[in-house]
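Before any comments, here is the structure.
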Amino acid sequence: MCSFLIYNFLVARTLLDTVNKFLQMRGPDDTNMVTHNGVTFVHNLLHVTGQKTIQPFIDETIFALYNGQIYNYKSFGSTYQSDGECLIPLYKIHGPNFITKLHGEFAIVLFDFEKQRIILSSDIFRTKPLYYSFSNGQIGIASWPLPLKQLGMKNIKSIPPNTTLVFNLQSRELQSSQSVYTFDLTQHKKTYDDFLMALKQSIAIRTENTQHVPFLTLSSGYDSGTIACELLQQNKITNYISLNSTKENLTTIKNRFDLNITGEKTLLERTDYTLKDFDYIIDLRKECLGHTGITTPDWVANMFLLTKAKELNYRVHLSGHGSDEIISDYSEEKEYSNFQGKFPSNLNKIFPSTPNSNAKWANFYGRLNEWNLCREEFLSSIFSIETRYPFLDKFVVQEFLSLDVELKNRFYKAPLKLYLEEKGYPFDLGQKAPLWLK
């Protein structure tokens, strides 16, 4: 995880230090600043993978920065010491379409001064934040909107999920917009095998080539439980942090702790922290995101868990986010569910053709997926933790979409239920069910 700031106007050093202070939480290990043709690139590094490599990446008149992880970078060249080193070589071969070759979680910015291009790209679900503003001849691009506000930028926009935008460097006019990935909506696979294989690979690549033992914020449910179970199958050391709350089955959590012989286990009590301990986070959230008022239970739980992770010097978090939005559609919760968890025989009837469309499956790209990712990434920024999302891997999502509709609708989170049963891993069977099955 990293952060960056790009601008093309004079900024006093004292103001830059103030503006970059919040961004440096997301990248505390190194800060680098380079100026070319009047454009300043500021990058803050959180070093968790590969060789420590400062950004921007530079090849003559091409400058690239990114935040996140590229998991397939070694397939593009065996000499790369860091995943971001593949970006400019791929761009020189494929042009703006190079984004479609990447498998990862990322926000990418590329300036080509010779061809007068600015390329901004999210990944499929916009797991990493990216904001920009082009106004009155000024360029402002940053990992969060707050620095742009502090620089006086107006009309600040967030790049949509699954989108690559190409702008003219001089005029800032939008030249093209394209998708990062196009999902196949044919529901034709008759077993869960390919889905489970994709999920296993997704978990494996998110725990390779890192200097830090990953940790899970472990609940008693299906999602973090599936990740924990698979990491045990792969003999990967993993640390657990859990919160003893009324929403969780403490017996199940303790049984899961007992199975983890090699990793650290921490059980938090609700009395370990109070909301007063998080006043500074709530104030920052209001300033950066515009959120006000008492924070929701999910925000509180995440603040508890990640505060402890920071105290323990954990840096790589594997999140179960995405399973509710993609696999179950929050099927037992009417106010959150888009179609009560019952997938139709024709996915085109509900699937969003673009991230901003008014399709019935609003949680796929936006709404709760967007809101919850914002929470995960904002809190990760505060605590200098990189969060990775195995359930939002493009191959995992594609394999789920490809499942026959009867397999999707068989049980609540059917493939996860059957996987956990097969492995004999503790979870609370039948705790939830789709509304249409009740």
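So you can find residues: chains in the structure tokens are A, B, ... in the order shown, residues in each start at 1, and ligands are numbered from 1 in order.
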Quiz item: Leaving out stretch 202-207 of chain A and any residue of its chain fewer than 4 positions from it, which residues lie within 9 Å of it when counting only C-alpha atoms, given as JSON, numbers by chain?
Solution: {"A": [69, 71, 72, 197, 198, 212, 213, 214, 227, 230, 231, 234, 236, 316, 318, 388, 389, 390, 391, 392, 393, 395, 396]}
Practice problem: Determine which residues of stretch 10-136 of chain A DSSP labels as strand (DSSP E) from the backbone of this structure, then write them out as a VMD selection string. | Solution: chain A and resid 30 to 36 39 to 45 57 to 59 62 to 70 104 to 112 117 to 122 131 to 135
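The interatomic distance for the pair atom CA of A:Ser323 and atom CA of A:Lys342 works out to 14.9 Å.
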So that I can check the surroundings of A:Asn338, please list as a CSV table (one decimal) with C-alpha atoms, in the first residue's frame every protein, DNA and RNA residue that reaches within 7 Å of it, counting only C-alpha atoms and ignoring chain neighbours fewer than 6 positions away.
```csv
chain,number,residue,atom,x,y,z
A,329,ASP,CA,-26.3,-10.3,-1.8
A,360,LYS,CA,-30.7,-3.9,-9.8
A,361,TRP,CA,-27.4,-5.5,-8.5
A,362,ALA,CA,-26.2,-2.1,-7.2
```
Exercise. Quick one: everything within 10 Å of A:Tyr314, counting only C-alpha atoms, minus sequence neighbours fewer than 4 positions away in the same chain. Send it as a PyMOL selection string.
Key: chain A and resi 212-215+239+306+308-310+383-386
For the residues in the current selection, export C-alpha atoms as a JSON list (two decimals), in the first residue's frame.
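And here is the file that came out, part-v8.json:
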```json
[["chain", "number", "residue", "atom", "x", "y", "z"],
["A", 212, "HIS", "CA", 5.13, -9.67, 6.98],
["A", 213, "VAL", "CA", 2.97, -12.45, 8.37],
["A", 214, "PRO", "CA", -0.59, -11.68, 7.24],
["A", 215, "PHE", "CA", -3.37, -11.31, 9.76],
["A", 239, "ASN", "CA", -2.13, -14.15, 12.92],
["A", 306, "LEU", "CA", -6.99, -2.42, 13.45],
["A", 308, "LYS", "CA", -4.71, -3.68, 18.03],
["A", 309, "ALA", "CA", -3.11, -4.74, 14.73],
["A", 310, "LYS", "CA", -1.12, -1.52, 14.67],
["A", 383, "PHE", "CA", -2.99, 2.46, 10.78],
["A", 384, "SER", "CA", -0.47, 1.99, 7.90],
["A", 385, "ILE", "CA", -1.87, -1.44, 7.03],
["A", 386, "GLU", "CA", -2.30, -2.90, 3.56]]
```
Exercise. Enumerate as number ranges by chain all residues of stretch 154-286 of chain A assigned to helix (DSSP H, G or I) by DSSP on the backbone, naming them with the chain letters and numbers the document uses.
Key: A: 193-205, 222-233, 250-259, 275-286
Quiz item: If you count only C-alpha atoms, which residues fall within 6 Å of stretch 344-346 of chain A, apart from same-chain ones fewer than 2 positions away, as a ChimeraX atom specification?
Solution: /A:348-349,405
Could you write out that same residue set with N, CA and C atoms as an mmCIF file, in the first residue's frame?
```
data_model
loop_
_atom_site.group_PDB
_atom_site.id
_atom_site.type_symbol
_atom_site.label_atom_id
_atom_site.label_comp_id
_atom_site.auth_asym_id
_atom_site.auth_seq_id
_atom_site.Cartn_x
_atom_site.Cartn_y
_atom_site.Cartn_z
ATOM 1 N N ASN A 348 -28.080 -10.941 -16.888
ATOM 2 C CA ASN A 348 -28.176 -9.640 -17.552
ATOM 3 C C ASN A 348 -29.318 -8.792 -17.003
ATOM 4 N N LYS A 349 -30.288 -9.433 -16.386
ATOM 5 C CA LYS A 349 -31.441 -8.704 -15.848
ATOM 6 C C LYS A 349 -31.076 -7.867 -14.623
ATOM 7 N N VAL A 405 -27.131 -21.403 -12.030
ATOM 8 C CA VAL A 405 -27.974 -20.650 -11.109
ATOM 9 C C VAL A 405 -28.444 -21.507 -9.931
#
```
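If you measure from each of A:Leu10, A:Ile382, A:Leu90, A:Leu169 to A:Arg285 using only C-alpha atoms, the closest one turns out to be A:Ile382.
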Exercise. Fewer than 4 positions away in the same chain doesn't count, so skip those; otherwise give me all residues within 10 Å of A:Lys149, counting only C-alpha atoms, as a PyMOL selection string.
Key: chain A and resi 19+133+140+144-145+153-156+287-288
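Of the residues listed (A:Tyr80, A:Phe57, A:Tyr131, A:Phe167), A:Phe167 shows the shortest atom-to-atom separation from A:Ile119; distances use only C-alpha atoms.
You can rank A:Phe76, A:Thr164, A:Gln211, A:Phe63 by their closest distance to A:Thr49 using only C-alpha atoms, and at the top of that list sits A:Gln211.
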